[in-house]
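Visitor: This is model-v4.txt (compact mmCIF, C-alpha atoms).
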# COMPACT_ATOMS: atom_id res chain seq x y z
CA MET A 920 13.78 26.59 -10.12
CA ARG A 921 16.55 24.03 -10.55
CA VAL A 922 15.28 20.44 -10.54
CA ALA A 923 17.44 17.32 -10.77
CA THR A 924 17.34 13.54 -10.62
CA TRP A 925 20.05 11.19 -9.36
CA ASN A 926 20.23 7.47 -8.68
CA VAL A 927 22.49 7.80 -5.66
CA ASN A 928 23.01 4.05 -5.15
CA SER A 929 22.74 4.19 -1.33
CA ILE A 930 22.18 7.57 0.26
CA ARG A 931 23.85 6.57 3.52
CA ALA A 932 27.06 5.79 1.65
CA ARG A 933 26.92 8.97 -0.44
CA VAL A 934 25.10 11.59 1.60
CA ASP A 935 28.08 13.96 1.75
CA ARG A 936 28.62 13.81 -2.01
CA THR A 937 24.92 14.29 -2.64
CA VAL A 938 24.41 17.30 -0.38
CA ASP A 939 27.69 18.91 -1.44
CA TRP A 940 26.64 18.68 -5.08
CA MET A 941 23.16 20.06 -4.38
CA VAL A 942 24.54 23.11 -2.58
CA ARG A 943 27.28 23.67 -5.15
CA GLU A 944 24.84 23.49 -8.06
CA ASP A 945 22.12 25.53 -6.31
CA VAL A 946 19.57 22.71 -6.69
CA ASP A 947 16.08 23.45 -5.43
CA VAL A 948 14.61 19.96 -5.78
CA LEU A 949 16.38 16.61 -6.12
CA ALA A 950 14.65 13.35 -6.99
CA MET A 951 16.68 10.40 -5.71
CA GLN A 952 16.50 6.71 -6.54
CA GLU A 953 18.01 3.63 -4.92
CA ILE A 954 18.31 5.29 -1.54
CA LYS A 955 18.45 1.74 -0.10
CA CYS A 956 17.13 2.49 3.38
CA LYS A 957 14.03 2.74 5.54
CA PRO A 958 12.75 6.18 6.63
CA GLU A 959 14.29 5.81 10.08
CA GLN A 960 17.69 5.09 8.50
CA PHE A 961 17.78 8.12 6.20
CA PRO A 962 20.50 10.71 7.00
CA TYR A 963 18.13 13.66 7.42
CA GLU A 964 20.56 15.77 9.42
CA GLN A 965 22.87 16.64 6.54
CA PHE A 966 19.96 17.66 4.33
CA THR A 967 18.32 19.71 7.07
CA ALA A 968 21.57 21.54 7.79
CA ALA A 969 21.77 22.50 4.11
CA GLY A 970 18.19 23.80 4.09
CA TYR A 971 16.36 20.84 2.54
CA ASP A 972 13.28 18.92 3.64
CA VAL A 973 12.97 15.26 2.66
CA GLN A 974 10.09 13.02 1.60
CA LEU A 975 10.77 9.37 0.92
CA THR A 976 9.54 5.83 0.68
CA GLY A 977 11.89 2.97 1.52
CA LEU A 978 11.17 -0.52 2.79
CA ASN A 979 14.56 -2.21 3.13
CA GLN A 980 18.10 -2.16 1.79
CA TRP A 981 16.84 -2.32 -1.82
CA ASN A 982 15.12 0.23 -4.04
CA GLY A 983 13.73 3.32 -2.30
CA VAL A 984 13.01 6.76 -3.76
CA ALA A 985 13.01 10.24 -2.26
CA PHE A 986 12.78 13.98 -2.78
CA ALA A 987 14.89 16.66 -1.12
CA SER A 988 13.56 20.19 -1.57
CA ARG A 989 14.20 23.62 -0.11
CA LEU A 990 10.75 24.64 -1.33
CA PRO A 991 7.51 23.30 0.22
CA MET A 992 6.36 19.89 -0.99
CA THR A 993 2.63 19.07 -1.03
CA ASP A 994 0.33 16.29 -2.26
CA VAL A 995 2.89 13.63 -1.34
CA VAL A 996 2.08 10.06 -2.44
CA THR A 997 4.31 7.00 -2.26
CA GLN A 998 2.89 5.08 -5.19
CA PHE A 999 0.88 5.84 -8.30
CA ASP A 1000 -2.64 4.55 -8.79
CA GLY A 1001 -2.55 1.05 -10.25
CA GLN A 1002 1.14 0.53 -9.47
CA PRO A 1003 1.77 -3.23 -9.72
CA GLY A 1004 3.64 -5.20 -7.11
CA PHE A 1005 6.14 -8.00 -7.44
CA LEU A 1006 7.16 -11.10 -5.53
CA LYS A 1007 9.41 -13.63 -7.20
CA GLY A 1008 7.52 -16.82 -7.89
CA ALA A 1009 4.14 -15.30 -7.05
CA GLU A 1010 1.25 -14.25 -9.23
CA GLY A 1011 -1.98 -12.39 -8.64
CA PRO A 1012 -3.12 -8.92 -7.55
CA ASP A 1013 -1.88 -9.00 -3.96
CA GLN A 1014 1.87 -8.88 -4.53
CA PRO A 1015 3.72 -6.31 -2.39
CA ILE A 1016 4.27 -2.83 -3.79
CA GLU A 1017 7.95 -1.97 -3.95
CA ALA A 1018 9.36 1.45 -3.02
CA ARG A 1019 9.82 2.67 -6.58
CA ALA A 1020 7.68 5.81 -6.93
CA ILE A 1021 7.04 8.99 -4.99
CA GLY A 1022 5.16 12.05 -6.18
CA VAL A 1023 5.20 15.61 -4.84
CA THR A 1024 4.04 19.03 -5.97
CA VAL A 1025 6.50 21.93 -5.73
CA ASP A 1026 5.41 25.45 -6.64
CA GLY A 1027 2.64 24.12 -8.86
CA VAL A 1028 4.81 21.57 -10.65
CA ARG A 1029 3.95 17.87 -10.26
CA LEU A 1030 7.13 15.81 -9.92
CA TRP A 1031 7.74 12.08 -9.69
CA SER A 1032 10.89 10.26 -8.61
CA LEU A 1033 10.83 6.84 -10.27
CA TYR A 1034 13.00 3.75 -10.12
CA VAL A 1035 11.72 1.54 -12.93
CA PRO A 1036 12.25 -2.22 -12.43
CA ASN A 1037 15.41 -3.54 -14.08
CA GLY A 1038 13.98 -6.49 -15.98
CA ARG A 1039 17.04 -8.64 -15.22
CA SER A 1040 16.94 -10.82 -18.35
CA LEU A 1041 14.75 -11.38 -21.38
CA ASP A 1042 13.25 -14.58 -19.95
CA ASP A 1043 12.85 -13.37 -16.35
CA PRO A 1044 9.43 -12.65 -14.77
CA HIS A 1045 10.92 -9.33 -13.67
CA LEU A 1046 10.79 -8.17 -17.30
CA VAL A 1047 7.05 -8.89 -17.43
CA TYR A 1048 6.74 -6.90 -14.20
CA LYS A 1049 8.79 -4.05 -15.70
CA LEU A 1050 6.58 -3.80 -18.78
CA ASP A 1051 3.42 -3.94 -16.69
CA TRP A 1052 4.82 -1.29 -14.33
CA LEU A 1053 5.56 1.05 -17.23
CA ALA A 1054 2.16 0.45 -18.82
CA LYS A 1055 0.38 1.29 -15.56
CA LEU A 1056 2.59 4.38 -15.09
CA LYS A 1057 1.69 5.57 -18.59
CA GLN A 1058 -2.00 4.96 -17.93
CA GLU A 1059 -2.00 6.87 -14.65
CA THR A 1060 0.09 9.71 -16.12
CA ALA A 1061 -2.35 10.07 -19.03
CA ARG A 1062 -5.27 10.16 -16.58
CA TRP A 1063 -3.56 12.84 -14.47
CA LEU A 1064 -2.74 14.99 -17.50
CA ALA A 1065 -6.34 14.79 -18.70
CA ALA A 1066 -7.63 15.79 -15.27
CA ASN A 1067 -5.11 18.63 -14.88
CA ASP A 1068 -5.10 20.17 -18.32
CA GLY A 1069 -2.07 22.36 -18.86
CA ALA A 1070 -0.44 21.65 -15.50
CA PRO A 1071 3.33 21.03 -15.63
CA LEU A 1072 4.43 17.48 -14.79
CA ALA A 1073 7.74 15.62 -14.96
CA LEU A 1074 8.59 11.94 -14.59
CA MET A 1075 12.17 11.79 -13.37
CA GLY A 1076 14.52 8.99 -12.54
CA ASP A 1077 16.18 5.77 -13.57
CA PHE A 1078 14.06 4.21 -16.31
CA ASN A 1079 16.40 1.25 -16.93
CA ILE A 1080 15.75 1.63 -20.67
CA ILE A 1081 18.12 2.71 -23.44
CA PRO A 1082 15.75 4.38 -25.92
CA THR A 1083 18.04 4.41 -28.97
CA ASP A 1084 21.32 2.91 -30.09
CA ASP A 1085 22.90 6.36 -29.72
CA ASP A 1086 22.19 6.10 -25.98
CA ASN A 1087 24.19 2.87 -25.67
CA GLY A 1088 27.96 2.90 -25.37
CA ASP A 1089 28.33 -0.45 -23.61
CA PRO A 1090 29.38 -3.18 -26.07
CA THR A 1091 27.94 -5.92 -23.84
CA ILE A 1092 24.39 -4.54 -24.18
CA ILE A 1093 23.10 -6.12 -27.39
CA VAL A 1094 19.65 -5.96 -28.96
CA GLY A 1095 18.15 -9.45 -28.91
CA GLN A 1096 20.33 -10.56 -26.01
CA SER A 1097 19.95 -7.93 -23.30
CA THR A 1098 17.29 -6.11 -21.37
CA HIS A 1099 17.09 -2.31 -21.57
CA VAL A 1100 17.21 -2.47 -25.39
CA SER A 1101 14.50 -4.99 -26.24
CA PRO A 1102 11.82 -3.80 -28.70
CA GLU A 1103 9.19 -4.19 -25.97
CA GLU A 1104 11.08 -1.98 -23.51
CA ARG A 1105 11.85 0.64 -26.11
CA ALA A 1106 8.21 0.67 -27.17
CA ALA A 1107 7.14 1.10 -23.53
CA PHE A 1108 9.44 4.11 -23.25
CA ALA A 1109 8.30 5.58 -26.56
CA ALA A 1110 4.68 5.25 -25.41
CA PHE A 1111 5.19 8.19 -23.04
CA ALA A 1112 5.59 10.41 -26.10
CA ASP A 1113 2.17 9.20 -27.24
CA ILE A 1114 0.61 10.87 -24.19
CA GLY A 1115 2.50 14.10 -24.71
CA LEU A 1116 5.69 13.71 -22.65
CA VAL A 1117 9.00 14.86 -24.12
CA ASP A 1118 12.66 14.39 -23.25
CA THR A 1119 13.52 17.75 -21.72
CA VAL A 1120 17.30 17.19 -21.58
CA ARG A 1121 18.39 16.07 -25.06
CA PRO A 1122 17.51 19.38 -26.78
CA PHE A 1123 20.15 21.01 -24.55
CA VAL A 1124 22.59 18.09 -24.21
CA PRO A 1125 22.76 16.30 -27.57
CA GLU A 1126 25.05 13.51 -26.37
CA GLY A 1127 26.29 11.92 -23.17
CA TYR A 1128 25.55 9.04 -20.83
CA THR A 1129 24.17 8.96 -17.30
CA TYR A 1130 25.39 5.54 -16.10
CA TRP A 1131 28.61 3.56 -16.29
CA ASP A 1132 28.97 0.07 -14.81
CA TYR A 1133 31.62 -0.27 -12.11
CA LYS A 1134 33.13 -3.25 -13.96
CA GLN A 1135 35.48 -3.55 -16.93
CA LEU A 1136 36.71 0.06 -16.83
CA ARG A 1137 33.41 1.21 -18.32
CA PHE A 1138 33.83 4.79 -17.12
CA PRO A 1139 37.43 5.40 -18.28
CA ARG A 1140 36.43 3.92 -21.65
CA ASN A 1141 33.23 5.98 -21.68
CA GLU A 1142 31.19 2.84 -22.30
CA GLY A 1143 28.09 4.20 -20.67
CA LEU A 1144 24.33 4.20 -21.00
CA ARG A 1145 21.73 6.93 -20.97
CA ILE A 1146 19.00 5.54 -18.73
CA ASP A 1147 18.19 8.50 -16.44
CA PHE A 1148 15.60 10.94 -17.76
CA ILE A 1149 13.42 13.94 -17.06
CA LEU A 1150 10.32 13.44 -19.20
CA GLY A 1151 8.02 16.43 -19.06
CA SER A 1152 4.59 17.47 -20.21
CA GLN A 1153 4.66 20.19 -22.84
CA SER A 1154 3.85 22.81 -20.20
CA PHE A 1155 6.84 21.59 -18.18
CA ALA A 1156 9.11 21.46 -21.22
CA ASP A 1157 8.13 25.01 -22.11
CA LEU A 1158 9.60 26.14 -18.78
CA VAL A 1159 12.99 24.47 -19.31
CA ILE A 1160 15.67 27.00 -20.19
CA ALA A 1161 18.77 24.83 -19.57
CA ALA A 1162 19.77 21.25 -18.87
CA SER A 1163 22.95 19.42 -17.94
CA ILE A 1164 24.36 15.93 -17.28
CA HIS A 1165 26.96 16.08 -14.50
CA ARG A 1166 29.49 13.52 -15.69
CA ASN A 1167 32.16 14.57 -13.21
CA GLU A 1168 30.10 13.12 -10.35
CA ARG A 1169 31.09 9.67 -11.61
CA LYS A 1170 34.70 10.54 -10.68
CA GLY A 1171 36.37 10.61 -7.30
CA GLU A 1172 36.05 8.42 -4.25
CA ALA A 1173 33.13 5.97 -4.02
CA PRO A 1174 30.85 7.52 -6.64
CA SER A 1175 27.43 6.26 -7.62
CA ASP A 1176 27.39 4.45 -10.94
CA HIS A 1177 24.86 7.09 -12.10
CA VAL A 1178 25.31 10.86 -12.38
CA PRO A 1179 22.86 13.71 -11.78
CA VAL A 1180 20.69 15.11 -14.55
CA LEU A 1181 19.45 18.68 -14.05
CA VAL A 1182 17.02 21.09 -15.68
CA GLU A 1183 16.48 24.74 -14.91
CA LEU A 1184 12.93 26.06 -15.08
CA ASP A 1185 11.98 29.64 -15.89
CA ASP A 1186 9.20 31.68 -14.28
CA VAL A 1187 8.10 29.08 -11.76
CA LEU A 1188 9.01 30.96 -8.59
CA GLY A 1189 7.96 34.32 -10.00
CA ASP A 1190 9.52 37.54 -8.78
CA ASP A 1191 9.50 36.65 -5.08
CA ASP A 1192 12.30 34.18 -4.38
CA ASP A 1193 11.84 33.12 -0.75
CA ARG A 1194 14.34 30.25 -0.78
CA PRO A 1195 16.43 30.02 2.37
CA MET A 1196 19.94 31.40 2.14
CA ILE A 1197 22.69 28.80 2.51
CA PHE A 1198 26.02 30.02 3.88
In structure tokens, how does this file's structure come out?
Guide:
Amino acid sequence: MRVATWNVNSIRARVDRTVDWMVREDVDVLAMQEIKCKPEQFPYEQFTAAGYDVQLTGLNQWNGVAFASRLPMTDVVTQFDGQPGFLKGAEGPDQPIEARAIGVTVDGVRLWSLYVPNGRSLDDPHLVYKLDWLAKLKQETARWLAANDGAPLALMGDFNIIPTDDDNGDPTIIVGQSTHVSPEERAAFAAFADIGLVDTVRPFVPEGYTYWDYKQLRFPRNEGLRIDFILGSQSFADLVIAASIHRNERKGEAPSDHVPVLVELDDVLGDDDDRPMIF
């Protein structure tokens, strides 16, 4: 089974690129972030024609996450237990939940598409929200792993965190001055390792970025960031036989500022491959 994640930065603007890439790379399941549309605005037709079903949550022209799969998706949820909300200038437990998380199960593998809050700046309330969001995600993931001992799980998506200096090629992102690299954010990311999740891509792809800002010729200069991840439980990681970062998808006409990240899993489908044929 080939599973990928991609912050598409508006699916309506990039549906053709997205579907073309999925078919070309023989992707079974794609987690998408920043689809930037409501369910009734999603371009289902192109996905359906290529043999994919879609599950999504989207509330407006911001955020939004989705899955496209040519295998059955079950146990669909559009937020994780305890997921905090956010409303600028508001406090308390009743803030609206943003469209930043969707979970599905495909062939016994629990998958999440996640768009972690940006943080905006070191003194912005959005950073407090981001850290709380990550803490609650860790807590719920740990609970799920304990209740489903040995079951494969992956958290996939745009984490808006640069875990190490080796993952940062943008000279304007500076520790002590910028989000994404603050000690608190890096500690929040590292905390997922404490509950048994591992980076399933880096063992196969020892270097490379997943995002380049549109400004200041960041892509031609290769001044990118690695902020898109597939973090897996050990049982998920044990299934991964290959991984790739698809840098070329940042090229061409009207690309997303992110590129797809893909892993190939072994022995999930078994001997009977009943995927639909795409001609």
Visitor: Considering all atoms listed in the file, can you say which of A:Ala1065, A:Cys956, A:Val934, A:Met920 comes closest to A:Pro1174?
Guide: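 Result for the nearest residue to A:Pro1174: A:Val934.
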Visitor: With stretch 921-929 of chain A as the partner and 9 Å as the cut-off, tabulate the residues of stretch 969-1025 of chain A that qualify, each row holding the nearest pair of atoms and their distance in Å to one decimal, using only C-alpha atoms, sorted by chain and rising number, as a Markdown table.
Guide:
| residue | atom | partner | partner_atom | distance |
| --- | --- | --- | --- | --- |
| A:Gln980 | CA | A:Ser929 | CA | 8.5 |
| A:Trp981 | CA | A:Ser929 | CA | 8.8 |
| A:Asn982 | CA | A:Asn928 | CA | 8.8 |
| A:Val984 | CA | A:Asn926 | CA | 8.8 |
Visitor: Could you state the separation of atom CA of A:Gly1088 and atom CA of A:Met1075 in Å, given to one decimal place?
Guide: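 Atom CA of A:Met1075 lies 21.7 Å from atom CA of A:Gly1088.
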Visitor: Would you mind listing what lies within 9 Å of stretch 1035-1037 of chain A as a PDB file with C-alpha atoms, keeping the file's coordinate frame, with all atoms listed in the file counted and same-chain residues fewer than 6 positions away left out?
Guide:
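Dumped to part-v6.pdb:
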ATOM      1  CA  ARG A1019       9.820   2.670  -6.580  1.00  0.00           C
ATOM      2  CA  ALA A1020       7.680   5.810  -6.930  1.00  0.00           C
ATOM      3  CA  HIS A1045      10.920  -9.330 -13.670  1.00  0.00           C
ATOM      4  CA  LEU A1046      10.790  -8.170 -17.300  1.00  0.00           C
ATOM      5  CA  TYR A1048       6.740  -6.900 -14.200  1.00  0.00           C
ATOM      6  CA  LYS A1049       8.790  -4.050 -15.700  1.00  0.00           C
ATOM      7  CA  LEU A1050       6.580  -3.800 -18.780  1.00  0.00           C
ATOM      8  CA  TRP A1052       4.820  -1.290 -14.330  1.00  0.00           C
ATOM      9  CA  LEU A1053       5.560   1.050 -17.230  1.00  0.00           C
ATOM     10  CA  GLY A1076      14.520   8.990 -12.540  1.00  0.00           C
ATOM     11  CA  ASP A1077      16.180   5.770 -13.570  1.00  0.00           C
ATOM     12  CA  PHE A1078      14.060   4.210 -16.310  1.00  0.00           C
ATOM     13  CA  ASN A1079      16.400   1.250 -16.930  1.00  0.00           C
ATOM     14  CA  ILE A1080      15.750   1.630 -20.670  1.00  0.00           C
ATOM     15  CA  THR A1098      17.290  -6.110 -21.370  1.00  0.00           C
ATOM     16  CA  HIS A1099      17.090  -2.310 -21.570  1.00  0.00           C
TER      17      HIS A1099
END
Visitor: Between atom CA of A:Thr1119 and atom CA of A:Ala1156, what distance in Å does the model show, to one decimal?
Guide: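 Calculated distance between atom CA of A:Thr1119 and atom CA of A:Ala1156 is 5.8 Å.
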Visitor: Could you name the residues that touch A:Asp1084 at 12 Å or less, counting only C-alpha atoms, but leaving out those on the same chain fewer than 6 positions away, as a ChimeraX atom specification?
Guide: /A:1090,1092-1094,1099-1102,1105,1126,1128,1143-1146
Visitor: What does the distance from atom CA of A:Arg1039 to atom CA of A:Gly1095 come to in Å, to one decimal?
Guide: 13.8 Å
Visitor: Restricted to C-alpha atoms, what does stretch 1082-1148 of chain A look like when written out as a JSON list (two decimals), in the first residue's frame?
Guide:
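Heads up, here's the output in out.json:
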[["chain", "number", "residue", "atom", "x", "y", "z"],
["A", 1082, "PRO", "CA", 12.69, 19.52, 14.31],
["A", 1083, "THR", "CA", 16.42, 20.12, 13.83],
["A", 1084, "ASP", "CA", 18.73, 22.67, 12.30],
["A", 1085, "ASP", "CA", 19.45, 20.19, 9.49],
["A", 1086, "ASP", "CA", 15.79, 20.51, 8.49],
["A", 1087, "ASN", "CA", 16.07, 24.28, 8.03],
["A", 1088, "GLY", "CA", 17.50, 25.78, 4.87],
["A", 1089, "ASP", "CA", 15.76, 29.16, 5.12],
["A", 1090, "PRO", "CA", 18.15, 31.84, 6.46],
["A", 1091, "THR", "CA", 15.24, 33.97, 7.70],
["A", 1092, "ILE", "CA", 14.09, 31.27, 10.15],
["A", 1093, "ILE", "CA", 16.21, 31.89, 13.25],
["A", 1094, "VAL", "CA", 16.09, 30.22, 16.65],
["A", 1095, "GLY", "CA", 15.02, 32.80, 19.22],
["A", 1096, "GLN", "CA", 13.30, 34.96, 16.61],
["A", 1097, "SER", "CA", 10.98, 32.68, 14.66],
["A", 1098, "THR", "CA", 8.27, 30.14, 15.20],
["A", 1099, "HIS", "CA", 8.75, 26.57, 13.95],
["A", 1100, "VAL", "CA", 12.18, 26.40, 15.62],
["A", 1101, "SER", "CA", 11.47, 27.54, 19.18],
["A", 1102, "PRO", "CA", 12.57, 25.15, 21.95],
["A", 1103, "GLU", "CA", 8.93, 24.72, 22.99],
["A", 1104, "GLU", "CA", 7.81, 23.69, 19.50],
["A", 1105, "ARG", "CA", 10.74, 21.36, 19.01],
["A", 1106, "ALA", "CA", 10.06, 19.79, 22.39],
["A", 1107, "ALA", "CA", 6.39, 19.31, 21.44],
["A", 1108, "PHE", "CA", 7.47, 17.51, 18.28],
["A", 1109, "ALA", "CA", 10.05, 15.40, 20.09],
["A", 1110, "ALA", "CA", 7.38, 14.37, 22.60],
["A", 1111, "PHE", "CA", 5.79, 12.12, 19.97],
["A", 1112, "ALA", "CA", 8.91, 9.96, 20.14],
["A", 1113, "ASP", "CA", 8.28, 9.59, 23.86],
["A", 1114, "ILE", "CA", 5.04, 7.74, 23.08],
["A", 1115, "GLY", "CA", 6.67, 5.49, 20.52],
["A", 1116, "LEU", "CA", 6.23, 7.32, 17.20],
["A", 1117, "VAL", "CA", 9.13, 7.45, 14.75],
["A", 1118, "ASP", "CA", 9.94, 9.42, 11.62],
["A", 1119, "THR", "CA", 9.30, 6.84, 8.91],
["A", 1120, "VAL", "CA", 10.81, 8.87, 6.04],
["A", 1121, "ARG", "CA", 14.28, 9.99, 7.17],
["A", 1122, "PRO", "CA", 15.75, 6.46, 7.33],
["A", 1123, "PHE", "CA", 15.12, 6.23, 3.57],
["A", 1124, "VAL", "CA", 15.61, 9.90, 2.62],
["A", 1125, "PRO", "CA", 18.49, 11.28, 4.70],
["A", 1126, "GLU", "CA", 18.16, 14.85, 3.43],
["A", 1127, "GLY", "CA", 15.71, 17.11, 1.64],
["A", 1128, "TYR", "CA", 13.01, 19.67, 2.33],
["A", 1129, "THR", "CA", 9.24, 19.53, 1.88],
["A", 1130, "TYR", "CA", 8.37, 23.25, 1.73],
["A", 1131, "TRP", "CA", 9.79, 26.32, 0.02],
["A", 1132, "ASP", "CA", 8.28, 29.79, 0.45],
["A", 1133, "TYR", "CA", 7.03, 31.41, -2.74],
["A", 1134, "LYS", "CA", 9.04, 34.56, -1.94],
["A", 1135, "GLN", "CA", 12.70, 35.48, -2.38],
["A", 1136, "LEU", "CA", 13.53, 32.69, -4.84],
["A", 1137, "ARG", "CA", 13.50, 30.18, -1.99],
["A", 1138, "PHE", "CA", 12.97, 27.20, -4.28],
["A", 1139, "PRO", "CA", 15.68, 27.96, -6.88],
["A", 1140, "ARG", "CA", 18.08, 28.59, -3.99],
["A", 1141, "ASN", "CA", 16.88, 25.43, -2.23],
["A", 1142, "GLU", "CA", 16.21, 27.42, 0.93],
["A", 1143, "GLY", "CA", 13.51, 25.11, 2.14],
["A", 1144, "LEU", "CA", 12.12, 23.58, 5.30],
["A", 1145, "ARG", "CA", 11.22, 20.05, 6.29],
["A", 1146, "ILE", "CA", 7.86, 20.44, 8.03],
["A", 1147, "ASP", "CA", 5.76, 17.65, 6.47],
["A", 1148, "PHE", "CA", 6.03, 14.26, 8.17]]
